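Colleague: Quick one, coords.csv (CSV, C-alpha atoms):
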```csv
chain,number,residue,atom,x,y,z
A,734,MET,CA,0.0,0.0,0.0
A,735,LYS,CA,1.4,3.4,-0.9
A,736,PRO,CA,1.5,6.0,1.9
A,737,ALA,CA,-1.5,8.3,1.9
A,738,SER,CA,-1.0,12.0,1.7
A,739,LEU,CA,-1.8,14.0,4.8
A,740,PHE,CA,-5.0,15.3,3.2
A,741,ASP,CA,-6.2,11.8,2.3
A,742,LEU,CA,-5.5,10.7,5.8
A,743,TRP,CA,-7.5,13.5,7.2
A,744,VAL,CA,-10.4,12.8,4.9
A,745,TYR,CA,-10.4,9.2,6.1
A,746,LEU,CA,-10.1,10.0,9.8
A,747,ALA,CA,-12.5,12.9,9.8
A,748,ALA,CA,-15.3,10.7,8.5
A,749,SER,CA,-14.4,7.7,10.8
A,750,PRO,CA,-16.3,7.3,14.1
A,751,LEU,CA,-13.0,6.1,15.6
A,752,LEU,CA,-11.4,9.6,15.5
A,753,TRP,CA,-14.2,11.5,17.4
A,754,LEU,CA,-14.8,8.7,19.9
A,755,THR,CA,-11.1,8.6,20.8
A,756,VAL,CA,-10.9,12.4,20.9
A,757,THR,CA,-13.9,12.6,23.2
A,758,ILE,CA,-12.4,10.1,25.7
A,759,GLY,CA,-8.9,11.6,25.5
A,760,ILE,CA,-10.0,15.2,26.1
A,761,TYR,CA,-12.2,14.1,29.0
A,762,LEU,CA,-9.2,12.3,30.6
A,763,ILE,CA,-7.1,15.4,30.3
A,764,ALA,CA,-10.0,17.5,31.7
A,765,LEU,CA,-10.2,15.1,34.6
A,766,GLN,CA,-6.5,15.4,35.2
A,767,LEU,CA,-6.9,19.3,35.3
A,768,ALA,CA,-9.7,18.9,37.9
A,769,ARG,CA,-7.4,16.7,40.0
A,770,LEU,CA,-4.6,19.2,39.8
A,771,SER,CA,-7.0,21.9,41.1
A,772,ARG,CA,-7.9,19.6,43.9
A,773,PHE,CA,-11.5,19.3,42.6
A,774,ASN,CA,-12.3,23.0,42.8
A,775,PRO,CA,-16.0,23.1,41.7
A,776,LEU,CA,-15.1,25.8,39.2
A,777,VAL,CA,-12.7,23.5,37.3
A,778,ASN,CA,-15.4,21.1,36.1
A,779,PRO,CA,-14.1,18.4,33.8
A,780,VAL,CA,-17.4,18.0,31.9
A,781,LEU,CA,-17.5,21.7,31.1
A,782,ILE,CA,-13.8,21.8,30.1
A,783,ALA,CA,-14.2,18.8,27.9
A,784,ILE,CA,-17.3,20.2,26.2
A,785,LEU,CA,-15.7,23.5,25.5
A,786,ALA,CA,-12.5,21.9,24.2
A,787,VAL,CA,-14.2,19.5,21.9
A,788,ALA,CA,-16.6,22.3,20.6
A,789,ALA,CA,-13.5,24.5,19.9
A,790,LEU,CA,-11.9,21.6,18.1
A,791,LEU,CA,-15.0,21.1,15.9
A,792,ILE,CA,-15.2,24.7,15.0
A,793,THR,CA,-11.5,25.1,14.1
A,794,THR,CA,-11.6,21.9,12.0
A,795,HIS,CA,-14.9,22.8,10.4
A,796,THR,CA,-16.4,19.5,11.5
A,797,ASP,CA,-20.2,19.2,11.4
A,798,TYR,CA,-21.8,18.1,14.7
A,799,ARG,CA,-23.5,15.2,13.0
A,800,VAL,CA,-20.1,13.8,11.8
A,801,TYR,CA,-18.8,14.2,15.4
A,802,PHE,CA,-21.8,12.6,16.9
A,803,ALA,CA,-21.5,9.5,14.6
A,804,GLY,CA,-18.4,8.7,16.6
A,805,ALA,CA,-19.4,10.1,20.0
A,806,GLN,CA,-22.8,8.3,20.0
A,807,PHE,CA,-21.1,5.2,21.4
A,808,VAL,CA,-20.4,7.1,24.6
A,809,HIS,CA,-23.7,8.9,24.5
A,810,PHE,CA,-25.5,5.6,24.3
A,811,LEU,CA,-24.3,4.6,27.7
A,812,LEU,CA,-26.3,7.4,29.3
A,813,GLY,CA,-29.4,5.2,29.3
A,814,PRO,CA,-27.9,2.2,31.2
A,815,ALA,CA,-26.0,4.7,33.5
A,816,THR,CA,-29.3,6.4,34.4
A,817,VAL,CA,-30.8,3.0,35.2
A,818,ALA,CA,-27.7,2.3,37.3
A,819,LEU,CA,-28.8,5.2,39.6
A,820,GLY,CA,-31.2,2.6,41.1
A,821,VAL,CA,-28.2,0.9,42.7
A,822,PRO,CA,-27.1,3.8,45.1
A,823,LEU,CA,-30.8,4.5,45.6
A,824,TYR,CA,-31.3,0.9,46.8
A,825,ARG,CA,-28.1,1.0,48.9
A,826,ASN,CA,-29.4,4.1,50.8
A,827,ARG,CA,-32.9,2.6,51.5
A,828,ALA,CA,-32.2,2.7,55.3
A,829,LEU,CA,-31.5,6.5,55.1
A,830,VAL,CA,-34.8,7.0,53.2
A,831,ARG,CA,-36.8,5.1,55.8
A,832,ARG,CA,-35.2,7.1,58.7
A,833,ALA,CA,-36.0,10.5,57.2
A,834,ALA,CA,-39.0,9.6,55.0
A,835,LEU,CA,-41.1,12.6,55.9
A,836,PRO,CA,-38.6,15.5,55.4
A,837,ILE,CA,-37.4,13.8,52.2
A,838,ALA,CA,-40.8,13.5,50.8
A,839,ALA,CA,-41.8,17.1,51.8
A,840,SER,CA,-38.6,18.8,50.6
A,841,LEU,CA,-38.7,16.8,47.3
A,842,LEU,CA,-42.3,17.9,46.6
A,843,ALA,CA,-41.3,21.5,47.3
A,844,GLY,CA,-37.9,21.5,45.6
A,845,ALA,CA,-38.6,19.7,42.3
A,846,PRO,CA,-41.3,22.1,41.0
A,847,THR,CA,-39.4,25.1,42.4
A,848,ALA,CA,-36.3,24.1,40.3
A,849,MET,CA,-38.3,23.6,37.1
A,850,LEU,CA,-40.7,26.5,37.2
A,851,SER,CA,-38.5,29.3,38.7
A,852,ALA,CA,-35.8,28.8,36.0
A,853,VAL,CA,-38.2,29.1,33.1
A,854,TRP,CA,-40.2,32.0,34.6
A,855,LEU,CA,-37.1,34.0,35.6
A,856,ALA,CA,-35.5,33.6,32.1
A,857,ARG,CA,-38.7,34.7,30.4
A,858,TRP,CA,-39.0,37.7,32.8
A,859,PHE,CA,-35.4,38.5,31.8
A,860,GLY,CA,-36.5,38.5,28.2
A,861,ALA,CA,-35.2,35.2,26.8
A,862,PRO,CA,-37.3,33.6,24.0
A,863,HIS,CA,-39.7,30.8,24.7
A,864,ASP,CA,-38.0,28.0,22.6
A,865,LEU,CA,-34.8,28.6,24.6
A,866,THR,CA,-36.4,28.9,28.1
A,867,LEU,CA,-38.4,25.6,27.9
A,868,ALA,CA,-35.0,23.8,27.8
A,869,LEU,CA,-34.3,25.3,31.3
A,870,ALA,CA,-37.1,23.4,33.0
A,871,PRO,CA,-35.2,20.1,33.7
A,872,LYS,CA,-31.9,22.0,34.6
A,873,SER,CA,-31.6,20.5,38.1
A,874,VAL,CA,-32.1,16.9,37.0
A,875,THR,CA,-29.2,14.6,36.2
A,876,ALA,CA,-28.4,14.9,32.4
A,877,GLY,CA,-29.5,11.4,31.3
A,878,ILE,CA,-33.1,12.0,32.6
A,879,ALA,CA,-33.1,15.8,31.9
A,880,MET,CA,-32.5,15.2,28.2
A,881,GLY,CA,-35.3,12.6,28.1
A,882,ILE,CA,-37.6,15.2,29.8
A,883,ALA,CA,-36.5,17.9,27.3
A,884,SER,CA,-37.5,15.8,24.3
A,885,GLN,CA,-40.7,14.9,26.0
A,886,ILE,CA,-41.8,18.5,26.6
A,887,GLY,CA,-40.6,19.6,23.1
A,888,ALA,CA,-37.3,21.4,24.1
A,889,ASP,CA,-33.9,20.9,22.6
A,890,PRO,CA,-32.0,18.2,24.6
A,891,THR,CA,-28.5,19.5,23.7
A,892,LEU,CA,-29.4,22.9,25.1
A,893,THR,CA,-30.7,21.2,28.2
A,894,ALA,CA,-27.5,19.3,28.6
A,895,VAL,CA,-25.5,22.5,28.7
A,896,PHE,CA,-28.0,24.1,31.2
A,897,VAL,CA,-27.8,21.0,33.4
A,898,ILE,CA,-24.0,21.2,33.6
A,899,THR,CA,-24.0,24.9,34.2
A,900,THR,CA,-26.6,24.4,37.0
A,901,GLY,CA,-24.4,21.7,38.6
A,902,ILE,CA,-21.4,24.0,38.7
A,903,ILE,CA,-23.5,26.9,40.2
A,904,GLY,CA,-24.9,24.6,42.9
A,905,ALA,CA,-21.6,23.1,43.8
A,906,VAL,CA,-20.0,26.5,44.1
A,907,ALA,CA,-22.8,28.1,46.0
A,908,VAL,CA,-24.0,25.4,48.4
A,909,THR,CA,-21.4,25.5,51.2
A,910,PRO,CA,-21.3,29.4,51.6
A,911,LEU,CA,-25.1,29.6,51.3
A,912,MET,CA,-25.7,26.9,53.9
A,913,ASN,CA,-23.2,28.4,56.3
A,914,ALA,CA,-24.8,31.8,55.8
A,915,LEU,CA,-28.2,30.3,56.6
A,916,LYS,CA,-26.6,28.6,59.7
A,917,ILE,CA,-27.8,25.1,58.7
A,918,LYS,CA,-25.8,22.5,60.5
A,919,ASP,CA,-27.8,19.4,59.6
A,920,PHE,CA,-25.6,17.7,56.9
A,921,ALA,CA,-28.5,15.4,55.8
A,922,ALA,CA,-30.6,18.5,54.9
A,923,ARG,CA,-27.6,20.3,53.3
A,924,GLY,CA,-26.7,17.3,51.2
A,925,PHE,CA,-30.3,16.7,50.1
A,926,ALA,CA,-30.6,20.3,48.9
A,927,ALA,CA,-27.3,20.1,47.0
A,928,GLY,CA,-28.3,16.9,45.2
A,929,LEU,CA,-31.8,18.1,44.4
A,930,ALA,CA,-30.7,21.5,43.1
A,931,SER,CA,-27.5,20.4,41.3
A,932,HIS,CA,-27.7,16.6,40.7
A,933,GLY,CA,-24.4,14.7,40.2
A,934,ILE,CA,-22.0,17.7,40.3
A,935,GLY,CA,-23.6,18.9,43.6
A,936,THR,CA,-23.5,15.3,44.9
A,937,ALA,CA,-19.7,15.1,44.1
A,938,ARG,CA,-19.3,18.4,46.0
A,939,ALA,CA,-21.4,17.1,49.0
A,940,PHE,CA,-19.2,14.0,49.3
A,941,GLN,CA,-16.1,16.2,49.6
A,942,VAL,CA,-17.7,18.0,52.5
A,943,ASN,CA,-19.3,15.1,54.5
A,944,ASP,CA,-20.2,11.5,53.9
A,945,VAL,CA,-23.8,11.8,55.2
A,946,ALA,CA,-24.3,14.9,53.0
A,947,GLY,CA,-23.0,12.9,50.0
A,948,ALA,CA,-25.4,10.0,50.6
A,949,PHE,CA,-28.4,12.3,51.0
A,950,ALA,CA,-27.3,14.2,47.9
A,951,GLY,CA,-27.1,11.1,45.8
A,952,LEU,CA,-30.5,10.1,47.1
A,953,ALA,CA,-32.0,13.6,46.2
A,954,MET,CA,-30.5,13.3,42.7
A,955,ALA,CA,-32.2,10.0,42.0
A,956,LEU,CA,-35.5,11.0,43.6
A,957,ASN,CA,-35.6,14.4,41.9
A,958,GLY,CA,-35.0,12.6,38.5
A,959,LEU,CA,-37.9,10.4,39.1
A,960,LEU,CA,-40.3,13.1,40.4
A,961,SER,CA,-39.3,15.6,37.7
A,962,ALA,CA,-39.9,13.1,35.0
A,963,LEU,CA,-43.4,12.4,36.4
A,964,LEU,CA,-44.1,16.2,36.8
A,965,ALA,CA,-42.8,17.2,33.4
A,966,PRO,CA,-46.0,16.9,31.4
A,967,LEU,CA,-47.8,19.0,34.0
A,968,VAL,CA,-45.0,21.6,34.1
A,969,ALA,CA,-45.0,21.7,30.2
A,970,GLN,CA,-48.7,22.6,30.3
A,971,LEU,CA,-48.1,25.4,32.9
A,972,LEU,CA,-45.3,26.8,30.8
A,973,ARG,CA,-47.1,26.8,27.4
B,561,MET,CA,-19.6,-7.3,35.4
B,562,LEU,CA,-21.1,-8.4,32.1
B,563,PRO,CA,-24.2,-10.0,33.7
B,564,GLY,CA,-24.6,-6.8,35.6
B,565,LEU,CA,-24.5,-4.7,32.4
B,566,PHE,CA,-27.0,-7.1,30.9
B,567,ILE,CA,-29.4,-6.5,33.8
B,568,LEU,CA,-29.0,-2.7,33.4
B,569,LEU,CA,-29.6,-2.8,29.7
B,570,ALA,CA,-32.6,-5.2,30.1
B,571,CYS,CA,-34.2,-2.9,32.7
B,572,GLN,CA,-33.8,0.0,30.2
B,573,LEU,CA,-35.1,-2.1,27.3
B,574,VAL,CA,-38.2,-3.2,29.2
B,575,GLY,CA,-38.6,0.4,30.5
B,576,GLU,CA,-38.4,1.9,27.0
B,577,THR,CA,-40.8,-0.8,25.6
B,578,ILE,CA,-43.5,-0.2,28.3
B,579,VAL,CA,-43.2,3.6,28.0
B,580,ARG,CA,-43.7,3.4,24.2
B,581,ALA,CA,-46.4,0.7,24.3
B,582,LEU,CA,-48.5,2.5,26.8
B,583,GLY,CA,-47.6,6.0,25.7
B,584,LEU,CA,-46.4,7.0,29.2
B,585,PRO,CA,-45.1,10.6,29.6
B,586,ILE,CA,-41.8,9.6,31.3
B,587,PRO,CA,-38.4,8.7,29.8
B,588,GLY,CA,-37.7,4.9,29.5
B,589,PRO,CA,-34.6,4.9,31.7
B,590,VAL,CA,-36.7,6.4,34.6
B,591,LEU,CA,-39.0,3.4,34.5
B,592,GLY,CA,-35.8,1.3,34.2
B,593,ILE,CA,-34.7,2.7,37.6
B,594,ILE,CA,-38.0,1.7,39.2
B,595,LEU,CA,-37.7,-1.8,37.6
B,596,LEU,CA,-34.1,-2.2,38.8
B,597,VAL,CA,-34.9,-1.2,42.4
B,598,SER,CA,-37.9,-3.6,42.4
B,599,LEU,CA,-35.7,-6.4,41.1
B,600,LEU,CA,-33.1,-5.7,43.8
B,601,ALA,CA,-35.7,-5.7,46.5
B,602,LEU,CA,-37.3,-8.9,45.1
B,603,ARG,CA,-34.0,-10.8,44.9
B,604,GLN,CA,-33.1,-9.8,48.4
B,605,ARG,CA,-36.5,-11.0,49.7
B,606,MET,CA,-36.2,-14.3,47.8
B,607,THR,CA,-32.5,-15.2,48.3
B,608,GLY,CA,-31.5,-12.9,51.2
B,609,ASN,CA,-28.5,-11.6,49.2
B,610,ASP,CA,-28.0,-7.9,48.6
B,611,SER,CA,-27.4,-7.8,44.8
B,612,ALA,CA,-26.6,-4.1,45.0
B,613,SER,CA,-23.5,-4.4,47.1
B,614,ASP,CA,-20.3,-3.4,45.4
B,615,THR,CA,-19.0,-7.0,45.1
B,616,THR,CA,-21.9,-8.2,43.0
B,617,ASN,CA,-22.3,-8.1,39.2
B,618,ILE,CA,-25.0,-5.4,39.3
B,619,GLY,CA,-23.1,-3.3,41.9
B,620,GLN,CA,-19.9,-3.4,39.8
B,621,ALA,CA,-21.5,-2.6,36.5
B,622,ALA,CA,-23.4,0.4,38.1
B,623,ASP,CA,-20.3,1.7,39.9
B,624,GLY,CA,-18.3,1.4,36.7
B,625,LEU,CA,-20.8,3.4,34.7
B,626,LEU,CA,-21.4,6.0,37.4
B,627,ARG,CA,-17.7,6.6,38.0
B,628,TYR,CA,-17.4,8.1,34.5
B,629,LEU,CA,-20.9,9.6,34.4
B,630,GLY,CA,-19.4,13.0,33.4
B,631,LEU,CA,-17.9,11.6,30.2
B,632,LEU,CA,-21.3,10.5,29.0
B,633,PHE,CA,-22.6,14.1,29.0
B,634,VAL,CA,-19.9,15.4,26.7
B,635,PRO,CA,-21.3,14.3,23.3
B,636,ALA,CA,-24.7,15.9,24.1
B,637,GLY,CA,-23.1,19.0,25.6
B,638,VAL,CA,-21.0,19.6,22.5
B,639,GLY,CA,-24.3,20.0,20.7
B,640,ILE,CA,-24.0,23.6,22.0
B,641,VAL,CA,-22.1,24.4,18.8
B,642,GLN,CA,-25.4,24.1,16.9
B,643,SER,CA,-27.1,26.8,18.9
B,644,PHE,CA,-24.2,28.8,20.2
B,645,GLY,CA,-25.4,32.1,18.7
B,646,LEU,CA,-28.9,31.8,20.2
B,647,VAL,CA,-27.4,31.0,23.7
B,648,ALA,CA,-24.8,33.7,23.5
B,649,ALA,CA,-27.3,36.3,22.5
B,650,ASN,CA,-29.4,35.5,25.6
B,651,GLY,CA,-26.4,34.8,27.9
B,652,ALA,CA,-27.1,37.3,30.6
B,653,ALA,CA,-30.8,36.3,31.0
B,654,LEU,CA,-30.0,32.6,31.0
B,655,ILE,CA,-27.1,32.8,33.5
B,656,GLY,CA,-29.2,35.1,35.7
B,657,ALA,CA,-32.1,32.7,35.7
B,658,LEU,CA,-29.9,29.7,36.4
B,659,VAL,CA,-28.1,31.3,39.3
B,660,LEU,CA,-31.3,32.7,41.0
B,661,SER,CA,-33.3,29.5,40.4
B,662,THR,CA,-30.5,27.3,41.8
B,663,LEU,CA,-30.2,29.4,44.9
B,664,LEU,CA,-33.9,29.5,45.4
B,665,THR,CA,-34.1,25.7,45.0
B,666,LEU,CA,-31.3,25.2,47.5
B,667,ILE,CA,-33.0,27.5,50.1
B,668,ILE,CA,-36.6,26.1,49.7
B,669,THR,CA,-35.4,22.5,49.8
B,670,VAL,CA,-33.2,22.9,52.9
B,671,ALA,CA,-35.9,25.0,54.7
B,672,VAL,CA,-38.7,22.5,54.1
B,673,PHE,CA,-36.4,19.6,55.1
B,674,ARG,CA,-35.4,21.2,58.4
B,675,LEU,CA,-39.0,22.3,59.1
B,676,VAL,CA,-40.5,18.9,58.6
B,677,ALA,CA,-37.6,17.1,60.4
B,678,ARG,CA,-38.1,19.3,63.5
B,679,ARG,CA,-41.9,18.8,63.4
B,680,SER,CA,-41.7,15.0,63.0
B,681,LYS,CA,-39.2,14.7,65.9
B,682,SER,CA,-41.4,16.6,68.4
```
What does this structure look like when you write it as structure tokens?

Modeller:
Amino acid sequence: MKPASLFDLWVYLAASPLLWLTVTIGIYLIALQLARLSRFNPLVNPVLIAILAVAALLITTHTDYRVYFAGAQFVHFLLGPATVALGVPLYRNRALVRRAALPIAASLLAGAPTAMLSAVWLARWFGAPHDLTLALAPKSVTAGIAMGIASQIGADPTLTAVFVITTGIIGAVAVTPLMNALKIKDFAARGFAAGLASHGIGTARAFQVNDVAGAFAGLAMALNGLLSALLAPLVAQLLR
Amino acid sequence: MLPGLFILLACQLVGETIVRALGLPIPGPVLGIILLVSLLALRQRMTGNDSASDTTNIGQAADGLLRYLGLLFVPAGVGIVQSFGLVAANGAALIGALVLSTLLTLIITVAVFRLVARRSKS
């Protein structure tokens, strides 16, 4: 076989799913290393860094998102089974749920609609257009479920993915100073709020602060995913 | 780990199928979570084993997927390149809404949790 020119090589690679799958995993590993170097500062979020880096790469190489997704879909596909896997930590924490069933149920019923409705109403009040603001509704829900909710209520799932990650970072940065300012010392309550408002990223933050907070955060993330999915058709009607 | 991955996929498959067949307004994986938790509870009741512990097939498959959960969001998030202009043009409104709504959600959730916890103790 005669050696291909650099241009031919690029033509082959750019169209092959292998390239963008490898790039996605490679860039994520680098982003993870950066987060480790910052000692997991919530502002240095590996997901956000990886998204921005891959997006910049696509723009500079003039690569269409559909071409990119043909490779990255293999990673994307795992979101489904990973969402189902949330049932495992939920089941492991069943003793915690039983012990604090009442406060969990009440704060979940208050927090889930607050998270969905306030984001959309605030953004509309600030003048953002409707097709954009609907994608904000599931912003506090973990991405796998949030994107499912987005397509169900007629919003753009990729926009939702970006809002979800941004919300996670905001929650992870804000939760500790806010709870200290409110003088809340109950780590179960603090963790539950962090997981409900800012899903997996808030949960990772809660685990850094306190193990009980982390367990309650993970619980809140899973329960909020379930409840928000059930509330979504109702919320969509309210927001029409 | 492979039998565990099979269980997770099977729960999702059954979830997606039921959701579509009955026209339920929830995402398939959400029903998958409910199926998985019921399955874990059922197996524990029947065999006495906790299939969710981190030494079992299901536990290992779930922990493996959840360890790199962040990576799985990247392909969807990169979709921002398709609507970057629209988002950037409304950047201030969107960030403002996200920050205020997240703070509000944190405050309301923690306040209700504490209020009910104190009530149910006394």

Colleague: How far is it from CA of Gly813 (chain A) to CA of Pro589 (chain B), in Å with one decimal?

Modeller: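 Going from CA of Gly813 (chain A) over to CA of Pro589 (chain B), I get 5.7 Å.
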
Colleague: Any chance you could tabulate, as CSV, the residues of chain B at most 7 Å from chain A with each one's nearest atom pair and distance in Å to one decimal, using all atoms listed in the file, in chain and rising number order?

Modeller:
```
residue,atom,partner,partner_atom,distance
B:Leu568,CA,A:Pro814,CA,5.5
B:Leu569,CA,A:Pro814,CA,5.5
B:Gln572,CA,A:Pro814,CA,6.4
B:Pro585,CA,A:Pro966,CA,6.6
B:Ile586,CA,A:Ala962,CA,5.4
B:Pro587,CA,A:Gly881,CA,5.3
B:Pro589,CA,A:Val817,CA,5.5
B:Val590,CA,A:Leu959,CA,6.1
B:Gly592,CA,A:Val817,CA,5.4
B:Ile593,CA,A:Val817,CA,4.6
B:Leu596,CA,A:Gly820,CA,6.1
B:Val597,CA,A:Gly820,CA,5.5
B:Ala612,CA,A:Val821,CA,5.7
B:Gly619,CA,A:Val821,CA,6.7
B:Ala622,CA,A:Ala818,CA,4.8
B:Leu625,CA,A:Ala815,CA,5.5
B:Leu626,CA,A:Ala815,CA,6.2
B:Gly630,CA,A:Val780,CA,5.6
B:Leu631,CA,A:Tyr761,CA,6.3
B:Leu632,CA,A:His809,CA,5.3
B:Phe633,CA,A:Ala876,CA,6.8
B:Val634,CA,A:Ile784,CA,5.5
B:Pro635,CA,A:Ala805,CA,5.7
B:Ala636,CA,A:Thr891,CA,5.2
B:Gly637,CA,A:Val895,CA,5.3
B:Val638,CA,A:Ile784,CA,5.3
B:Gly639,CA,A:Thr891,CA,5.2
B:Ile640,CA,A:Leu892,CA,6.3
B:Val641,CA,A:Ala788,CA,6.2
B:Asn650,CA,A:Ala861,CA,5.9
B:Ala653,CA,A:Phe859,CA,5.2
B:Leu654,CA,A:Ala856,CA,5.7
B:Ala657,CA,A:Ala856,CA,5.0
B:Leu658,CA,A:Ala852,CA,6.0
B:Val659,CA,A:Ile903,CA,6.4
B:Ser661,CA,A:Ala852,CA,5.1
B:Thr662,CA,A:Ala930,CA,5.9
B:Thr665,CA,A:Ala848,CA,5.4
B:Leu666,CA,A:Ala926,CA,5.1
B:Ile668,CA,A:Gly844,CA,6.3
B:Thr669,CA,A:Ser840,CA,5.0
B:Val670,CA,A:Ala926,CA,5.4
B:Val672,CA,A:Ser840,CA,5.1
B:Phe673,CA,A:Pro836,CA,4.7
B:Arg674,CA,A:Ala922,CA,6.5
B:Val676,CA,A:Pro836,CA,5.0
B:Ala677,CA,A:Pro836,CA,5.3
```

Colleague: Write the residues you've just listed into a file as a compact mmCIF listing (two decimals), in the coordinates of the input, and include C-alpha atoms for each of them.

Modeller:
```txt
# COMPACT_ATOMS: atom_id res chain seq x y z
CA LEU B 568 -29.00 -2.70 33.40
CA LEU B 569 -29.60 -2.80 29.70
CA GLN B 572 -33.80 0.00 30.20
CA PRO B 585 -45.10 10.60 29.60
CA ILE B 586 -41.80 9.60 31.30
CA PRO B 587 -38.40 8.70 29.80
CA PRO B 589 -34.60 4.90 31.70
CA VAL B 590 -36.70 6.40 34.60
CA GLY B 592 -35.80 1.30 34.20
CA ILE B 593 -34.70 2.70 37.60
CA LEU B 596 -34.10 -2.20 38.80
CA VAL B 597 -34.90 -1.20 42.40
CA ALA B 612 -26.60 -4.10 45.00
CA GLY B 619 -23.10 -3.30 41.90
CA ALA B 622 -23.40 0.40 38.10
CA LEU B 625 -20.80 3.40 34.70
CA LEU B 626 -21.40 6.00 37.40
CA GLY B 630 -19.40 13.00 33.40
CA LEU B 631 -17.90 11.60 30.20
CA LEU B 632 -21.30 10.50 29.00
CA PHE B 633 -22.60 14.10 29.00
CA VAL B 634 -19.90 15.40 26.70
CA PRO B 635 -21.30 14.30 23.30
CA ALA B 636 -24.70 15.90 24.10
CA GLY B 637 -23.10 19.00 25.60
CA VAL B 638 -21.00 19.60 22.50
CA GLY B 639 -24.30 20.00 20.70
CA ILE B 640 -24.00 23.60 22.00
CA VAL B 641 -22.10 24.40 18.80
CA ASN B 650 -29.40 35.50 25.60
CA ALA B 653 -30.80 36.30 31.00
CA LEU B 654 -30.00 32.60 31.00
CA ALA B 657 -32.10 32.70 35.70
CA LEU B 658 -29.90 29.70 36.40
CA VAL B 659 -28.10 31.30 39.30
CA SER B 661 -33.30 29.50 40.40
CA THR B 662 -30.50 27.30 41.80
CA THR B 665 -34.10 25.70 45.00
CA LEU B 666 -31.30 25.20 47.50
CA ILE B 668 -36.60 26.10 49.70
CA THR B 669 -35.40 22.50 49.80
CA VAL B 670 -33.20 22.90 52.90
CA VAL B 672 -38.70 22.50 54.10
CA PHE B 673 -36.40 19.60 55.10
CA ARG B 674 -35.40 21.20 58.40
CA VAL B 676 -40.50 18.90 58.60
CA ALA B 677 -37.60 17.10 60.40
```

Colleague: State, in Å with one decimal place, the distance from CA of Ala581 (chain B) to CA of Leu595 (chain B).

Modeller: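 For CA of Ala581 (chain B) relative to CA of Leu595 (chain B), the distance reads 16.1 Å.
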
Colleague: What is the CA of Gly951 (chain A) to CA of Thr909 (chain A) distance in Å?

Modeller: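 That distance, rounded to one decimal, is 16.4 Å.
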
Colleague: Tell me which of A:Asp741, A:Ala905, A:Arg827, A:Ala939 sits closest to Ala601 (chain B), counting only C-alpha atoms.

Modeller: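 Closest to Ala601 (chain B) of all the choices is A:Arg827.
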